[in-house]
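K.L.:
Here it is, the structure, as structure tokens.
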Amino acid sequence: MSENSAAPAPTPESGPAAQPGPAAEPRPAFTPAPACGPDAAHTGERPGQDDAAPAPAHQQASRPAPKPMFPDGTGPAADPAGSHHERRIRSFQPRRSRVSPGQADALRRLWPQWGLDIDGLSRIDLDKLFEGRPVVLEIGFGMGEATAQMAAADPDTGILACDVHTPGQGNLLGLAERNGLSNIRVANGDAIILLREMLAPASLAGLRVYFPDPWPKKRHHKRRLIQPEFLSLVTTRLAPGALVHCATDWEPYAEQMLDVLSAEPTLANEHSGYAPRPDFRPFTKFEGQGLDKGHVVHDLLFRRLPA
Ligand SMILES: C[S@@+](CC[C@H](N)C(=O)[O-])C[C@H]1O[C@@H](n2cnc3c(N)ncnc32)[C@H](O)[C@@H]1O
């Protein structure tokens, strides 16, 4: 897919029913959103004040402020939550990837309005950040092509798109600007910290996890994102009726997803077993790579039950 395209496809969260609705027109103009940061949509409320685990010790006020990525002080933070201090097993491999000039330009210009560093220090007011839209969290958007397409197809749903991959963050910001998408915010850092420390209970209308790293080696299985502990956390952040949508081309991971999603008592499978591929999910880059290798893709759709 070209960098500039964001072909609409119907999506499920904004309409009253779970069925995909008709494709909507993308918004015509780029509308800057309120700035993300302590003065804008962060409430300033300290995390750890609800049923989630309290903020870990490394997140105390004495922690040095995260350093911006670019030497001139612009762009996302290099290590927003100081995660190198946190010994938790992570589902991603920190990597140094080349940021193209176009991506760097987008990060410099658009980060203050559209970006959000996951520093784990304050609660995000999603209502304010997305101007009242229902909000879906996408974890691991990669280069963001599918994210942009889904945002274009459903401008009444906000997408909080989370990844640690800087070139992808720049790419997605550029796509949002070129396509006039005002319903995307890019969150930089570990989704676990975002969920645990920065999102309020029952604040999400959905969760999307498309082609998460499969961690195929047995000794790495503990790094897989979709685990019982992850679901116990994520389901506290989902509103009743929220849709959890996962997809993978790695058969053993698909089986694990089906097992752990089915075992989570607050979720109900929308289908018996795997779901047919929904029209609203665009093809992703990693999906294409899996299909090229002859892999079979599985979708899973589960709905959050009322509390
Ligand atoms: C295999 S890629 C898939 C990208 C995209 N969804 C696609 O299908 O093309 C997985 C992505 O998840 C991101 N990721 C993994 N764990 C994460 C976490 N805990 N928080 C944020 N991003 C994460 C990685 O950085 C990577 O970009």
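Ligands are numbered from 1 in the order shown, residues from 1 within each chain, and chains are lettered A, B, ... in the order they appear in the structure tokens.
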Could you give me, as a Markdown table, every chain A residue with an atom at most 9 Å from ligand 1, plus its closest atom pair and distance in Å to one decimal, counting only C-alpha atoms and all ligand atoms, rows ordered by chain then number?
P.N.:
```
| residue | atom | partner | partner_atom_place_in_ligand_line | distance |
| --- | --- | --- | --- | --- |
| A:Arg90 | CA | ligand 1 | 19 (N) | 6.3 |
| A:Ser91 | CA | ligand 1 | 16 (N) | 4.3 |
| A:Phe92 | CA | ligand 1 | 16 (N) | 4.2 |
| A:Gln93 | CA | ligand 1 | 25 (O) | 7.1 |
| A:Pro94 | CA | ligand 1 | 25 (O) | 7.6 |
| A:Arg95 | CA | ligand 1 | 25 (O) | 8.5 |
| A:Glu138 | CA | ligand 1 | 6 (N) | 8.4 |
| A:Ile139 | CA | ligand 1 | 22 (N) | 5.4 |
| A:Gly140 | CA | ligand 1 | 12 (O) | 3.2 |
| A:Phe141 | CA | ligand 1 | 6 (N) | 4.2 |
| A:Gly142 | CA | ligand 1 | 4 (C) | 3.6 |
| A:Met143 | CA | ligand 1 | 9 (O) | 6.6 |
| A:Gly144 | CA | ligand 1 | 5 (C) | 7.0 |
| A:Glu145 | CA | ligand 1 | 9 (O) | 7.9 |
| A:Ala146 | CA | ligand 1 | 7 (C) | 7.6 |
| A:Thr147 | CA | ligand 1 | 6 (N) | 8.5 |
| A:Ala161 | CA | ligand 1 | 21 (C) | 8.8 |
| A:Cys162 | CA | ligand 1 | 21 (C) | 5.3 |
| A:Asp163 | CA | ligand 1 | 22 (N) | 3.5 |
| A:Val164 | CA | ligand 1 | 25 (O) | 4.9 |
| A:His165 | CA | ligand 1 | 25 (O) | 5.0 |
| A:Thr166 | CA | ligand 1 | 25 (O) | 8.8 |
| A:Gly168 | CA | ligand 1 | 27 (O) | 7.5 |
| A:Ala187 | CA | ligand 1 | 21 (C) | 8.4 |
| A:Asn188 | CA | ligand 1 | 21 (C) | 7.5 |
| A:Gly189 | CA | ligand 1 | 21 (C) | 5.7 |
| A:Asp190 | CA | ligand 1 | 20 (N) | 3.7 |
| A:Ala191 | CA | ligand 1 | 20 (N) | 3.8 |
| A:Ile192 | CA | ligand 1 | 19 (N) | 5.6 |
| A:Ile193 | CA | ligand 1 | 19 (N) | 8.1 |
| A:Leu194 | CA | ligand 1 | 20 (N) | 8.4 |
| A:Arg208 | CA | ligand 1 | 6 (N) | 8.9 |
| A:Val209 | CA | ligand 1 | 6 (N) | 6.7 |
| A:Tyr210 | CA | ligand 1 | 6 (N) | 4.4 |
| A:Phe211 | CA | ligand 1 | 8 (O) | 4.5 |
| A:Pro212 | CA | ligand 1 | 10 (C) | 4.4 |
| A:Asp213 | CA | ligand 1 | 1 (C) | 4.3 |
| A:Pro214 | CA | ligand 1 | 1 (C) | 7.3 |
| A:Arg223 | CA | ligand 1 | 16 (N) | 8.6 |
| A:Arg224 | CA | ligand 1 | 16 (N) | 8.1 |
| A:Leu225 | CA | ligand 1 | 16 (N) | 6.5 |
| A:Ala247 | CA | ligand 1 | 8 (O) | 8.4 |
| A:Thr248 | CA | ligand 1 | 8 (O) | 8.3 |
| A:Phe283 | CA | ligand 1 | 8 (O) | 7.7 |
| A:Thr284 | CA | ligand 1 | 9 (O) | 4.4 |
| A:Lys285 | CA | ligand 1 | 9 (O) | 3.9 |
| A:Phe286 | CA | ligand 1 | 9 (O) | 3.9 |
| A:Glu287 | CA | ligand 1 | 8 (O) | 5.6 |
| A:Gly288 | CA | ligand 1 | 9 (O) | 8.1 |
| A:Gln289 | CA | ligand 1 | 9 (O) | 8.8 |
```
K.L.:
Set the distance at 10 Å and use only C-alpha atoms: which residues neighbour range 105-107 of chain A once local chain neighbours fewer than 5 positions away are removed? I'd like the list as a PyMOL selection string.
P.N.:
chain A and resi 69-70+74-76+99-100+112+114-115+166-167+169-177
K.L.:
Once DSSP has gone over the backbone, tell me which residues of range 61-303 of chain A are in strand (DSSP E), as a PyMOL selection string.
P.N.:
chain A and resi 115-117+135-139+158-163+184-188+204-210+238-248+267-269+298-303
K.L.:
What gap, in Å, lies between CA of Val296 in chain A and CA of Val260 in chain A?
P.N.:
19.8 Å
K.L.:
Any idea what's packed within 12 Å of Pro252 in chain A, counting only C-alpha atoms, ignoring anything in its chain fewer than 6 positions away? Could you give it as an mmCIF file with N, CA and C atoms, in the first residue's frame?
P.N.:
```cif
data_model
loop_
_atom_site.group_PDB
_atom_site.id
_atom_site.type_symbol
_atom_site.label_atom_id
_atom_site.label_comp_id
_atom_site.auth_asym_id
_atom_site.auth_seq_id
_atom_site.Cartn_x
_atom_site.Cartn_y
_atom_site.Cartn_z
ATOM 1 N N PRO A 214 5.373 -13.025 17.577
ATOM 2 C CA PRO A 214 4.961 -14.384 17.968
ATOM 3 C C PRO A 214 5.909 -15.054 18.958
ATOM 4 N N TRP A 215 7.114 -14.518 19.106
ATOM 5 C CA TRP A 215 8.095 -15.126 20.019
ATOM 6 C C TRP A 215 8.042 -16.649 19.898
ATOM 7 N N PRO A 216 8.510 -17.195 18.760
ATOM 8 C CA PRO A 216 8.324 -18.625 18.494
ATOM 9 C C PRO A 216 9.142 -19.562 19.381
ATOM 10 N N LYS A 217 10.315 -19.112 19.873
ATOM 11 C CA LYS A 217 11.137 -20.026 20.684
ATOM 12 C C LYS A 217 10.489 -20.247 22.054
ATOM 13 N N LYS A 218 10.566 -21.483 22.523
ATOM 14 C CA LYS A 218 9.892 -21.834 23.781
ATOM 15 C C LYS A 218 10.362 -20.927 24.927
ATOM 16 N N HIS A 221 8.434 -17.689 25.043
ATOM 17 C CA HIS A 221 6.958 -17.644 25.104
ATOM 18 C C HIS A 221 6.468 -16.689 26.184
ATOM 19 N N ARG A 224 5.269 -13.283 25.068
ATOM 20 C CA ARG A 224 4.060 -13.048 24.272
ATOM 21 C C ARG A 224 3.098 -12.134 25.032
ATOM 22 N N LEU A 258 -6.614 -18.271 21.706
ATOM 23 C CA LEU A 258 -7.961 -18.823 21.871
ATOM 24 C C LEU A 258 -8.127 -19.386 23.282
ATOM 25 N N ASP A 259 -7.094 -20.062 23.774
ATOM 26 C CA ASP A 259 -7.169 -20.639 25.127
ATOM 27 C C ASP A 259 -7.318 -19.553 26.185
ATOM 28 N N HIS A 295 1.496 -19.070 5.757
ATOM 29 C CA HIS A 295 0.821 -19.192 7.054
ATOM 30 C C HIS A 295 -0.683 -18.950 6.904
ATOM 31 N N VAL A 296 -1.432 -19.509 7.842
ATOM 32 C CA VAL A 296 -2.880 -19.268 7.881
ATOM 33 C C VAL A 296 -3.144 -18.206 8.941
ATOM 34 N N VAL A 297 -3.982 -17.238 8.601
ATOM 35 C CA VAL A 297 -4.288 -16.149 9.533
ATOM 36 C C VAL A 297 -5.550 -16.482 10.323
ATOM 37 N N HIS A 298 -5.484 -16.253 11.627
ATOM 38 C CA HIS A 298 -6.662 -16.438 12.478
ATOM 39 C C HIS A 298 -7.044 -15.106 13.118
#
```
K.L.:
Check the smallest atom-to-atom distance from each of A:Gly102, A:Lys222, A:Arg303, A:Ile159 to Arg88 in chain A using only C-alpha atoms, then report the winner.
P.N.:
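Among the listed residues, the smallest separation from Arg88 in chain A belongs to A:Lys222.
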K.L.:
Within 7 Å of Ala275 in chain A, counting only C-alpha atoms, which residues qualify if same-chain residues fewer than 4 places away don't, as a list in words?
P.N.:
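Close residues of Ala275 in chain A: His271, Asp299, Leu300 and Leu301 of chain A.
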